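Structure file model-v2.cif; described as mmCIF, C-alpha atoms.
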```cif
data_query
loop_
_atom_site.label_atom_id
_atom_site.label_comp_id
_atom_site.auth_asym_id
_atom_site.auth_seq_id
_atom_site.Cartn_x
_atom_site.Cartn_y
_atom_site.Cartn_z
CA MET A 1 29.58 80.02 -82.40
CA LYS A 2 29.41 78.15 -79.09
CA ARG A 3 31.06 79.84 -76.15
CA ILE A 4 30.55 77.12 -73.55
CA ILE A 5 31.97 73.63 -74.03
CA THR A 6 30.75 70.77 -71.85
CA ILE A 7 32.84 67.62 -71.96
CA SER A 8 31.50 64.28 -70.82
CA ARG A 9 34.03 61.51 -71.01
CA GLU A 10 34.92 57.94 -70.24
CA LEU A 11 37.63 57.39 -67.64
CA GLY A 12 40.97 57.07 -69.40
CA SER A 13 39.77 58.65 -72.64
CA GLY A 14 41.74 61.84 -71.99
CA GLY A 15 38.66 64.04 -71.61
CA ARG A 16 40.29 66.22 -68.95
CA THR A 17 43.51 66.61 -70.93
CA ILE A 18 41.51 67.49 -74.03
CA GLY A 19 39.33 69.91 -72.03
CA LYS A 20 42.43 71.73 -70.74
CA MET A 21 43.86 71.91 -74.28
CA VAL A 22 40.59 73.41 -75.54
CA ALA A 23 40.51 75.98 -72.73
CA ASN A 24 44.15 76.93 -73.43
CA ARG A 25 43.60 77.23 -77.17
CA MET A 26 40.47 79.34 -76.72
CA GLY A 27 41.91 81.32 -73.82
CA ILE A 28 38.92 80.59 -71.58
CA PRO A 29 38.60 79.11 -68.06
CA TYR A 30 38.56 75.36 -67.47
CA TYR A 31 36.25 74.14 -64.68
CA ASP A 32 36.58 70.77 -63.09
CA ARG A 33 38.08 70.72 -59.61
CA GLU A 34 36.72 74.26 -59.04
CA LEU A 35 33.17 72.91 -59.10
CA ILE A 36 33.96 70.63 -56.20
CA ASP A 37 35.52 73.41 -54.14
CA GLU A 38 32.63 75.80 -54.83
CA ALA A 39 30.02 73.15 -53.99
CA ALA A 40 31.94 72.34 -50.81
CA LYS A 41 31.77 76.00 -49.75
CA VAL A 42 28.03 76.23 -50.40
CA THR A 43 27.14 73.02 -48.61
CA GLY A 44 29.69 73.35 -45.82
CA LEU A 45 31.01 69.86 -46.58
CA SER A 46 34.64 68.95 -47.16
CA PRO A 47 35.90 68.94 -50.77
CA LYS A 48 36.86 65.29 -50.26
CA TYR A 49 33.28 64.41 -49.32
CA VAL A 50 31.88 66.36 -52.26
CA GLU A 51 34.31 64.67 -54.64
CA GLY A 52 33.13 61.21 -53.65
CA TYR A 53 29.45 61.96 -53.83
CA GLU A 54 28.79 60.43 -57.25
CA GLN A 55 29.79 57.06 -55.91
CA ARG A 56 27.68 57.41 -52.79
CA ALA A 57 24.76 58.80 -54.74
CA THR A 58 24.53 55.75 -56.92
CA ASN A 59 24.90 53.32 -54.05
CA SER A 60 22.27 54.87 -51.83
CA PHE A 61 18.63 54.26 -51.22
CA LEU A 62 18.04 57.61 -52.89
CA TYR A 63 19.51 56.23 -56.09
CA ASN A 64 17.07 53.36 -56.14
CA LEU A 65 14.21 55.71 -55.45
CA VAL A 66 15.18 58.12 -58.22
CA MET A 67 15.98 55.35 -60.68
CA GLY A 68 12.65 53.71 -60.07
CA SER A 69 10.60 56.80 -60.75
CA SER A 70 11.12 60.22 -62.23
CA TYR A 71 8.15 61.19 -60.07
CA GLY A 72 10.38 60.47 -57.08
CA TYR A 73 12.90 62.97 -58.37
CA GLY A 74 10.17 65.56 -58.81
CA ILE A 75 9.26 65.18 -55.16
CA LEU A 76 12.89 65.57 -54.16
CA GLN A 77 13.38 68.65 -56.32
CA SER A 78 10.40 70.40 -54.84
CA ALA A 79 11.19 69.46 -51.26
CA ASN A 80 12.67 71.94 -48.85
CA LYS A 81 16.44 72.07 -49.14
CA GLN A 82 16.87 71.31 -45.44
CA THR A 83 15.23 67.94 -45.87
CA LEU A 84 17.23 66.90 -48.94
CA PRO A 85 19.78 64.13 -48.64
CA LEU A 86 23.40 65.30 -48.86
CA THR A 87 23.83 63.83 -52.34
CA GLU A 88 20.97 66.01 -53.57
CA GLN A 89 22.36 69.07 -51.83
CA ILE A 90 25.73 68.51 -53.48
CA TYR A 91 24.19 67.98 -56.90
CA ASN A 92 22.13 71.14 -56.53
CA ALA A 93 25.13 73.15 -55.34
CA GLN A 94 27.20 72.01 -58.33
CA ARG A 95 24.28 72.71 -60.66
CA ASP A 96 24.00 76.27 -59.34
CA VAL A 97 27.75 76.81 -59.73
CA ILE A 98 27.66 75.48 -63.32
CA GLN A 99 24.78 77.80 -64.19
CA LYS A 100 26.62 80.74 -62.62
CA TYR A 101 29.80 80.00 -64.59
CA ALA A 102 27.79 79.62 -67.83
CA GLU A 103 26.14 82.99 -67.22
CA SER A 104 29.40 84.73 -66.48
CA GLY A 105 31.30 83.92 -69.70
CA SER A 106 32.94 81.40 -72.01
CA CYS A 107 34.32 78.28 -70.36
CA VAL A 108 35.04 74.55 -70.58
CA ILE A 109 33.22 72.39 -68.02
CA VAL A 110 34.16 68.74 -67.56
CA GLY A 111 31.69 66.19 -66.23
CA ARG A 112 28.98 66.75 -63.61
CA CYS A 113 25.98 66.48 -65.97
CA ALA A 114 26.83 69.97 -67.26
CA ASP A 115 25.48 69.06 -70.73
CA ASP A 116 22.10 68.32 -69.17
CA ILE A 117 22.14 71.22 -66.72
CA LEU A 118 22.80 73.65 -69.60
CA LYS A 119 20.65 71.88 -72.18
CA ASN A 120 18.30 74.81 -72.71
CA ARG A 121 21.09 77.20 -73.72
CA ASP A 122 21.92 77.53 -77.41
CA ASP A 123 25.51 78.68 -76.82
CA VAL A 124 26.69 75.31 -75.52
CA LEU A 125 28.62 72.65 -77.47
CA ARG A 126 28.00 69.29 -75.81
CA VAL A 127 30.97 66.96 -76.38
CA PHE A 128 31.44 63.30 -75.48
CA ILE A 129 34.93 61.76 -75.53
CA TYR A 130 35.39 57.99 -75.70
CA ALA A 131 38.00 55.40 -76.62
CA ASP A 132 38.49 51.67 -76.85
CA VAL A 133 39.14 49.95 -73.53
CA GLU A 134 42.72 49.07 -74.52
CA LYS A 135 43.54 52.75 -75.08
CA ARG A 136 41.82 53.74 -71.84
CA LEU A 137 43.80 51.12 -69.92
CA LYS A 138 47.05 52.39 -71.44
CA HIS A 139 46.23 56.01 -70.55
CA SER A 140 45.20 55.11 -66.99
CA ILE A 141 48.32 53.04 -66.38
CA GLU A 142 50.64 55.73 -67.80
CA ASN A 143 48.98 58.78 -66.29
CA TYR A 144 47.48 57.64 -63.00
CA GLY A 145 50.19 55.11 -62.12
CA MET A 146 47.64 52.30 -61.85
CA SER A 147 48.38 48.61 -62.29
CA LYS A 148 46.62 47.00 -65.23
CA GLU A 149 44.28 45.16 -62.90
CA THR A 150 43.41 48.31 -60.94
CA ALA A 151 42.93 50.30 -64.14
CA LYS A 152 40.54 47.65 -65.45
CA GLU A 153 38.52 47.71 -62.24
CA GLU A 154 38.47 51.52 -62.12
CA ILE A 155 37.28 51.77 -65.74
CA GLU A 156 34.46 49.30 -65.13
CA ARG A 157 33.49 51.01 -61.86
CA SER A 158 33.62 54.46 -63.42
CA ASP A 159 31.49 53.47 -66.44
CA ARG A 160 28.89 51.96 -64.11
CA GLU A 161 28.85 54.92 -61.73
CA ARG A 162 28.79 57.65 -64.35
CA ALA A 163 25.93 55.89 -66.13
CA ARG A 164 23.97 55.53 -62.90
CA HIS A 165 24.65 59.06 -61.74
CA TYR A 166 23.63 60.55 -65.11
CA SER A 167 20.54 58.39 -65.20
CA ALA A 168 19.57 59.43 -61.68
CA PHE A 169 20.07 63.17 -62.09
CA ALA A 170 19.68 63.85 -65.82
CA ASP A 171 17.11 61.04 -66.25
CA LYS A 172 18.80 60.05 -69.52
CA LYS A 173 21.29 57.43 -70.69
CA TRP A 174 24.93 58.44 -70.28
CA GLY A 175 26.84 58.16 -73.56
CA ASP A 176 23.63 58.09 -75.66
CA ARG A 177 24.38 60.11 -78.79
CA ARG A 178 21.10 62.05 -78.51
CA ASN A 179 22.50 63.94 -75.53
CA TYR A 180 25.55 65.29 -77.36
CA ASP A 181 26.36 67.42 -80.40
CA ILE A 182 29.68 65.77 -81.21
CA MET A 183 31.29 62.53 -80.04
CA LEU A 184 34.98 61.90 -80.58
CA ASN A 185 36.99 58.70 -80.40
CA SER A 186 40.17 60.01 -78.79
CA GLY A 187 41.84 56.61 -79.08
CA VAL A 188 41.74 56.88 -82.86
CA LEU A 189 41.92 60.65 -83.38
CA GLY A 190 44.42 61.52 -80.63
CA PHE A 191 44.04 64.12 -77.87
CA GLU A 192 45.52 67.07 -79.80
CA ASN A 193 43.28 66.43 -82.78
CA CYS A 194 40.21 66.14 -80.55
CA ALA A 195 41.05 69.54 -79.05
CA LYS A 196 41.48 71.04 -82.54
CA ILE A 197 38.16 69.58 -83.75
CA ILE A 198 36.30 70.89 -80.68
CA CYS A 199 37.76 74.39 -81.04
CA SER A 200 36.97 74.63 -84.74
CA THR A 201 33.47 73.21 -84.22
CA ALA A 202 32.77 75.71 -81.43
CA GLY A 203 33.86 78.52 -83.74
CA LEU A 204 31.50 77.60 -86.60
CA ASP A 205 28.49 79.81 -87.30
CA SER A 206 25.25 78.04 -86.53
CA MET B 1 45.26 62.34 -92.96
CA LYS B 2 42.37 60.04 -93.85
CA ARG B 3 41.67 59.64 -97.54
CA ILE B 4 38.56 57.46 -97.31
CA ILE B 5 35.43 58.66 -95.51
CA THR B 6 32.70 56.18 -94.60
CA ILE B 7 29.40 57.69 -93.53
CA SER B 8 26.82 55.73 -91.59
CA ARG B 9 23.66 57.66 -90.93
CA GLU B 10 20.14 57.66 -89.63
CA LEU B 11 17.38 58.15 -92.20
CA GLY B 12 16.52 61.84 -92.40
CA SER B 13 19.75 62.99 -90.73
CA GLY B 14 21.13 64.34 -94.01
CA GLY B 15 23.97 61.82 -94.21
CA ARG B 16 23.81 61.61 -98.00
CA THR B 17 23.67 65.37 -98.44
CA ILE B 18 26.61 65.76 -96.07
CA GLY B 19 28.51 62.98 -97.86
CA LYS B 20 28.07 64.74 -101.20
CA MET B 21 29.22 68.03 -99.69
CA VAL B 22 32.34 66.34 -98.32
CA ALA B 23 33.11 64.72 -101.68
CA ASN B 24 32.66 68.07 -103.46
CA ARG B 25 34.82 69.94 -100.99
CA MET B 26 37.59 67.35 -101.17
CA GLY B 27 37.24 66.82 -104.90
CA ILE B 28 36.89 63.04 -104.54
CA PRO B 29 34.25 60.54 -105.74
CA TYR B 30 31.05 59.91 -103.81
CA TYR B 31 29.79 56.30 -103.79
CA ASP B 32 26.26 55.38 -102.87
CA ARG B 33 23.99 54.40 -105.76
CA GLU B 34 27.09 53.21 -107.70
CA LEU B 35 27.55 50.38 -105.22
CA ILE B 36 24.10 49.06 -106.03
CA ASP B 37 24.71 49.19 -109.78
CA GLU B 38 28.11 47.48 -109.51
CA ALA B 39 26.74 44.76 -107.23
CA ALA B 40 23.85 44.26 -109.66
CA LYS B 41 26.30 43.72 -112.50
CA VAL B 42 28.35 41.19 -110.51
CA THR B 43 25.39 39.18 -109.28
CA GLY B 44 23.30 39.49 -112.44
CA LEU B 45 20.37 40.77 -110.39
CA SER B 46 18.39 43.92 -111.13
CA PRO B 47 19.51 47.13 -109.38
CA LYS B 48 16.01 47.34 -107.88
CA TYR B 49 16.37 43.91 -106.31
CA VAL B 50 19.83 44.73 -104.99
CA GLU B 51 18.57 48.01 -103.53
CA GLY B 52 15.88 46.26 -101.51
CA TYR B 53 18.09 43.52 -100.16
CA GLU B 54 18.74 45.02 -96.73
CA GLN B 55 15.04 44.77 -95.98
CA ARG B 56 14.80 41.20 -97.23
CA ALA B 57 18.02 40.20 -95.52
CA THR B 58 16.68 41.16 -92.13
CA ASN B 59 13.32 39.50 -92.69
CA SER B 60 14.63 36.17 -93.87
CA PHE B 61 15.39 32.90 -92.22
CA LEU B 62 19.03 33.67 -92.92
CA TYR B 63 18.77 36.72 -90.72
CA ASN B 64 17.51 34.67 -87.81
CA LEU B 65 20.25 32.15 -88.34
CA VAL B 66 23.00 34.74 -88.49
CA MET B 67 21.60 36.75 -85.61
CA GLY B 68 21.35 33.68 -83.45
CA SER B 69 24.93 32.64 -83.91
CA SER B 70 28.13 34.08 -85.26
CA TYR B 71 29.10 30.46 -85.88
CA GLY B 72 26.25 30.37 -88.39
CA TYR B 73 27.80 33.29 -90.21
CA GLY B 74 31.14 31.48 -90.30
CA ILE B 75 29.51 28.54 -92.01
CA LEU B 76 27.90 30.86 -94.54
CA GLN B 77 31.12 32.68 -95.23
CA SER B 78 33.02 29.50 -95.95
CA ALA B 79 30.29 27.96 -98.07
CA ASN B 80 30.59 27.78 -101.81
CA LYS B 81 29.30 30.95 -103.47
CA GLN B 82 26.80 29.00 -105.56
CA THR B 83 25.06 27.77 -102.43
CA LEU B 84 24.86 31.20 -100.76
CA PRO B 85 21.47 32.87 -100.40
CA LEU B 86 21.01 35.92 -102.64
CA THR B 87 21.28 38.30 -99.69
CA GLU B 88 24.74 36.94 -98.96
CA GLN B 89 25.77 37.15 -102.59
CA ILE B 90 24.66 40.79 -102.73
CA TYR B 91 26.45 41.65 -99.48
CA ASN B 92 29.63 39.99 -100.75
CA ALA B 93 29.41 41.76 -104.12
CA GLN B 94 29.01 45.15 -102.43
CA ARG B 95 31.85 44.32 -100.04
CA ASP B 96 34.16 43.51 -102.95
CA VAL B 97 33.20 46.74 -104.74
CA ILE B 98 33.81 48.79 -101.58
CA GLN B 99 37.24 47.20 -101.16
CA LYS B 100 38.07 47.88 -104.79
CA TYR B 101 37.04 51.54 -104.51
CA ALA B 102 39.07 51.93 -101.29
CA GLU B 103 42.13 50.47 -103.01
CA SER B 104 41.81 52.70 -106.03
CA GLY B 105 41.82 56.12 -104.34
CA SER B 106 40.20 58.68 -102.04
CA CYS B 107 36.43 58.54 -101.79
CA VAL B 108 33.30 59.00 -99.68
CA ILE B 109 31.20 55.87 -99.17
CA VAL B 110 27.74 56.10 -97.66
CA GLY B 111 26.16 53.17 -95.81
CA ARG B 112 26.51 49.47 -96.60
CA CYS B 113 28.65 48.54 -93.57
CA ALA B 114 31.62 50.24 -95.27
CA ASP B 115 33.05 51.24 -91.87
CA ASP B 116 33.18 47.58 -90.88
CA ILE B 117 34.33 46.28 -94.27
CA LEU B 118 37.27 48.73 -94.20
CA LYS B 119 37.96 48.52 -90.46
CA ASN B 120 41.48 47.16 -90.87
CA ARG B 121 42.66 50.13 -92.96
CA ASP B 122 44.24 53.08 -91.16
CA ASP B 123 43.37 55.61 -93.88
CA VAL B 124 39.63 55.53 -93.16
CA LEU B 125 37.63 58.07 -91.16
CA ARG B 126 34.49 56.37 -89.87
CA VAL B 127 31.67 58.89 -89.43
CA PHE B 128 28.18 58.48 -87.97
CA ILE B 129 25.53 61.16 -88.58
CA TYR B 130 22.45 61.39 -86.37
CA ALA B 131 19.75 63.84 -85.36
CA ASP B 132 16.71 64.13 -83.15
CA VAL B 133 13.58 62.49 -84.52
CA GLU B 134 11.85 65.86 -84.97
CA LYS B 135 14.64 67.08 -87.24
CA ARG B 136 14.67 63.79 -89.16
CA LEU B 137 10.91 64.01 -89.69
CA LYS B 138 11.23 67.58 -90.97
CA HIS B 139 14.02 66.61 -93.39
CA SER B 140 12.12 63.56 -94.67
CA ILE B 141 8.91 65.52 -95.22
CA GLU B 142 10.70 68.39 -96.99
CA ASN B 143 13.11 66.33 -99.09
CA TYR B 144 11.34 63.06 -99.82
CA GLY B 145 7.83 64.50 -100.06
CA MET B 146 6.54 62.15 -97.36
CA SER B 147 3.54 62.78 -95.15
CA LYS B 148 4.34 63.09 -91.45
CA GLU B 149 2.80 59.69 -90.75
CA THR B 150 4.77 58.00 -93.56
CA ALA B 151 7.98 59.72 -92.51
CA LYS B 152 7.51 58.48 -88.95
CA GLU B 153 6.93 54.92 -90.13
CA GLU B 154 9.89 55.06 -92.52
CA ILE B 155 12.23 56.35 -89.81
CA GLU B 156 11.20 53.61 -87.41
CA ARG B 157 11.47 50.95 -90.11
CA SER B 158 14.82 52.22 -91.28
CA ASP B 159 16.31 52.33 -87.77
CA ARG B 160 15.16 48.78 -87.16
CA GLU B 161 16.43 47.45 -90.49
CA ARG B 162 19.79 49.20 -90.45
CA ALA B 163 20.41 47.93 -86.93
CA ARG B 164 19.50 44.38 -87.88
CA HIS B 165 21.46 44.41 -91.11
CA TYR B 166 24.58 45.79 -89.40
CA SER B 167 24.22 43.28 -86.61
CA ALA B 168 23.84 40.41 -89.08
CA PHE B 169 26.76 41.31 -91.33
CA ALA B 170 29.15 43.34 -89.16
CA ASP B 171 28.22 41.40 -86.00
CA LYS B 172 28.23 44.69 -84.04
CA LYS B 173 25.67 47.19 -82.82
CA TRP B 174 24.72 49.86 -85.37
CA GLY B 175 25.21 53.36 -83.96
CA ASP B 176 27.44 52.12 -81.10
CA ARG B 177 30.15 54.77 -80.67
CA ARG B 178 32.92 52.14 -80.55
CA ASN B 179 32.45 51.51 -84.28
CA TYR B 180 33.08 55.12 -85.31
CA ASP B 181 35.79 57.78 -85.04
CA ILE B 182 33.47 60.78 -85.00
CA MET B 183 29.72 61.11 -84.49
CA LEU B 184 27.93 64.31 -85.44
CA ASN B 185 24.48 65.58 -84.50
CA SER B 186 23.45 67.17 -87.80
CA GLY B 187 20.21 68.44 -86.28
CA VAL B 188 22.19 70.71 -83.95
CA LEU B 189 25.31 71.42 -86.02
CA GLY B 190 23.68 71.73 -89.46
CA PHE B 191 24.64 69.90 -92.67
CA GLU B 192 27.21 72.44 -93.92
CA ASN B 193 29.01 72.46 -90.59
CA CYS B 194 29.06 68.66 -90.44
CA ALA B 195 30.71 68.61 -93.88
CA LYS B 196 33.28 71.20 -92.75
CA ILE B 197 34.07 69.23 -89.57
CA ILE B 198 34.47 65.96 -91.50
CA CYS B 199 36.78 67.57 -94.10
CA SER B 200 38.99 69.24 -91.50
CA THR B 201 39.10 66.07 -89.36
CA ALA B 202 40.09 63.96 -92.38
CA GLY B 203 42.89 66.41 -93.10
CA LEU B 204 44.47 66.26 -89.63
CA ASP B 205 47.78 64.48 -89.17
CA SER B 206 47.40 61.34 -87.12
#
```

Turn the structure described in the file into structure tokens.
Amino acid sequence: MKRIITISRELGSGGRTIGKMVANRMGIPYYDRELIDEAAKVTGLSPKYVEGYEQRATNSFLYNLVMGSSYGYGILQSANKQTLPLTEQIYNAQRDVIQKYAESGSCVIVGRCADDILKNRDDVLRVFIYADVEKRLKHSIENYGMSKETAKEEIERSDRERARHYSAFADKKWGDRRNYDIMLNSGVLGFENCAKIICSTAGLDS
Amino acid sequence: MKRIITISRELGSGGRTIGKMVANRMGIPYYDRELIDEAAKVTGLSPKYVEGYEQRATNSFLYNLVMGSSYGYGILQSANKQTLPLTEQIYNAQRDVIQKYAESGSCVIVGRCADDILKNRDDVLRVFIYADVEKRLKHSIENYGMSKETAKEEIERSDRERARHYSAFADKKWGDRRNYDIMLNSGVLGFENCAKIICSTAGLDS
């Protein structure tokens, strides 16, 4: 029985939709946007700024520093909060919120390295949702009103940024099967079926 | 509803055990060793020789040729059977047997690029089973009577050979999520639970 579900996902794979379905089916909270708002409160930054931090984090000097050395990250982690770059402060604020939510009860958490942040808990089911690019394009065009060209660019940008962000903060490879308990191809299985599989897997005795 | 289950797996991840559980639960045949015996009959080679062909295939000149160029593979495919190297003849014999089994009814097929061979069918659930190295070592020591050192070597060798063989014949990356519908971490979920998840996923309406 796993009472916390973390969902990592590729843009356009329906991870959010599936996460909401799982939360509805299980009758538990769904956290996504809430993490941004909470982190904004803690850091005193605007939600808009917090939302865009993954992109900035991976484009910054900090990113190069962290990527080049896990020792660099150790230094940053142990440094006084006041001296931390904003990207680090935001990451830390979101991490604290995720840990607080996990402590307080069952929930579904989408994105934000939650699988890594909660990796030492044994009540977490770590899910990764993916799909073929054609299916992701279709979903992005239909649901986000993007042109095909924009959707293609956004998918490529998102894959690059999520991989970099995960590598920088979790120090592991995003999408690598070793980081997840179950990986589902939503393009083949369908969103509803993915939600069903996640719910029944979470309910199994370990 | 998927009536054919292909299982690709890492050595020591329990893929065979899980495959047998799935076949038992669904009351359908399990094909593994049978593919070797059938291919041996077709090619006139000994089952022992057929069994070891993946290793030879990836160590041969043919492997380098195929790996270096998909054009090379095209040439091989269109060549007269009599002129094909034994590794190709064995692969082709196993491919034909897999296609015959898939045509004839529901089944579980373990290994042998079955996911790729049957990729154009929409009644196939393509599963990949994996686990952390520590869990794979434990399983190999307990079930195959290996020493820790031997188990470590066998796991490394097997990963290398399966990746090369899949790359040579399926022309894709072994273990890459895009080639599978569902990937399960048997080290975390447990063998019984993996079997339950596979059976219930196969039974879902698409």

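Our summary of the geometry notes that atom CA of A:Asp115 is positioned 10.9 Å from atom CA of A:Gln99.
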
Query raised in the report: What residues have an atom no more than 12 Å from (27.0, 40.6, -99.1) in the file's own frame, counting all atoms listed in the file, and can you write them as a ChimeraX atom specification?
Result: /B:35-36,39-40,42-43,50,53-54,57,73,76-77,81,84-98,112-114,117,165-166,168-170

Requested in this report: Considering all atoms listed in the file, extract the chain B residues located within 10 Å of chain A and return them as a PyMOL selection string.
Outcome: chain B and resi 122+125+127-133+175-190+192-194+196-198+200-202+204-206

Query raised in the report: Which residues match the PyMOL selection byres ((chain B and resi 5) around 8) in the file above, as a VMD selection string?
Result: chain B and resid 2 to 4 6 to 7 107 to 109 124 to 127 202

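Atom pair atom CA of B:Pro29 / atom CA of B:Leu11 has a distance of 21.8 Å (rounded to one decimal).
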
Step by step, work through what the PyMOL selection byres ((chain B and resi 14) around 8) selects in the shown file, and finish by giving those residues as an mmCIF file with C-alpha atoms, keeping the file's coordinate frame.
```cif
data_model
loop_
_atom_site.group_PDB
_atom_site.id
_atom_site.type_symbol
_atom_site.label_atom_id
_atom_site.label_comp_id
_atom_site.auth_asym_id
_atom_site.auth_seq_id
_atom_site.Cartn_x
_atom_site.Cartn_y
_atom_site.Cartn_z
ATOM 1 C CA ARG B 9 23.660 57.660 -90.930
ATOM 2 C CA LEU B 11 17.380 58.150 -92.200
ATOM 3 C CA GLY B 12 16.520 61.840 -92.400
ATOM 4 C CA SER B 13 19.750 62.990 -90.730
ATOM 5 C CA GLY B 15 23.970 61.820 -94.210
ATOM 6 C CA ARG B 16 23.810 61.610 -98.000
ATOM 7 C CA THR B 17 23.670 65.370 -98.440
ATOM 8 C CA ILE B 18 26.610 65.760 -96.070
ATOM 9 C CA ILE B 129 25.530 61.160 -88.580
ATOM 10 C CA HIS B 139 14.020 66.610 -93.390
ATOM 11 C CA SER B 186 23.450 67.170 -87.800
ATOM 12 C CA PHE B 191 24.640 69.900 -92.670
#
```

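The space separating atom CA of A:Asn120 from atom CA of A:Glu38 comes to 22.9 Å.
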
Report summary line: Nearest to A:Val110, restricted to all atoms listed in the file and choosing among A:Ala151, A:Val22, A:Gly203, A:Met1, comes out as A:Val22

**Report entry** the PyMOL selection byres ((chain A and resi 160) around 12) applied to the shown file, residues as JSON, numbers by chain
**Finding:** {"A": [10, 11, 54, 55, 58, 59, 153, 154, 155, 156, 157, 158, 159, 161, 162, 163, 164, 165, 166, 167, 173, 174, 175]}

Could you get me a file of stretch 144-156 of chain A with N, CA, C and O atoms, as a compact mmCIF listing (two decimals), in the first residue's frame, taken from the block above?
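Dumped to part_18.txt:
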```txt
# COMPACT_ATOMS: atom_id res chain seq x y z
N TYR A 144 -3.44 22.55 -25.27
CA TYR A 144 -2.82 23.83 -24.93
C TYR A 144 -2.96 24.83 -26.07
O TYR A 144 -2.41 25.93 -26.00
N GLY A 145 -3.68 24.45 -27.11
CA GLY A 145 -3.93 25.37 -28.23
C GLY A 145 -2.67 25.81 -28.96
O GLY A 145 -2.60 26.90 -29.51
N MET A 146 -1.64 24.94 -28.93
CA MET A 146 -0.39 25.30 -29.61
C MET A 146 -0.45 24.95 -31.09
O MET A 146 -1.17 24.03 -31.48
N SER A 147 0.35 25.66 -31.89
CA SER A 147 0.54 25.23 -33.28
C SER A 147 1.46 24.02 -33.25
O SER A 147 2.13 23.77 -32.23
N LYS A 148 1.52 23.29 -34.35
CA LYS A 148 2.37 22.10 -34.37
C LYS A 148 3.83 22.48 -34.15
O LYS A 148 4.56 21.81 -33.42
N GLU A 149 4.22 23.58 -34.79
CA GLU A 149 5.61 24.03 -34.69
C GLU A 149 5.96 24.41 -33.24
O GLU A 149 6.99 24.01 -32.71
N THR A 150 5.04 25.18 -32.62
CA THR A 150 5.26 25.59 -31.22
C THR A 150 5.29 24.36 -30.31
O THR A 150 6.15 24.26 -29.42
N ALA A 151 4.37 23.44 -30.53
CA ALA A 151 4.31 22.24 -29.69
C ALA A 151 5.62 21.46 -29.79
O ALA A 151 6.15 20.99 -28.77
N LYS A 152 6.14 21.37 -31.00
CA LYS A 152 7.40 20.64 -31.21
C LYS A 152 8.54 21.31 -30.44
O LYS A 152 9.32 20.65 -29.74
N GLU A 153 8.59 22.64 -30.55
CA GLU A 153 9.64 23.38 -29.84
C GLU A 153 9.50 23.24 -28.33
O GLU A 153 10.48 23.08 -27.61
N GLU A 154 8.25 23.34 -27.85
CA GLU A 154 8.00 23.26 -26.40
C GLU A 154 8.37 21.89 -25.85
O GLU A 154 8.90 21.77 -24.75
N ILE A 155 8.06 20.84 -26.61
CA ILE A 155 8.39 19.47 -26.18
C ILE A 155 9.90 19.30 -26.09
O ILE A 155 10.42 18.78 -25.10
N GLU A 156 10.60 19.79 -27.09
CA GLU A 156 12.07 19.66 -27.08
C GLU A 156 12.67 20.47 -25.94
O GLU A 156 13.55 20.01 -25.22
```
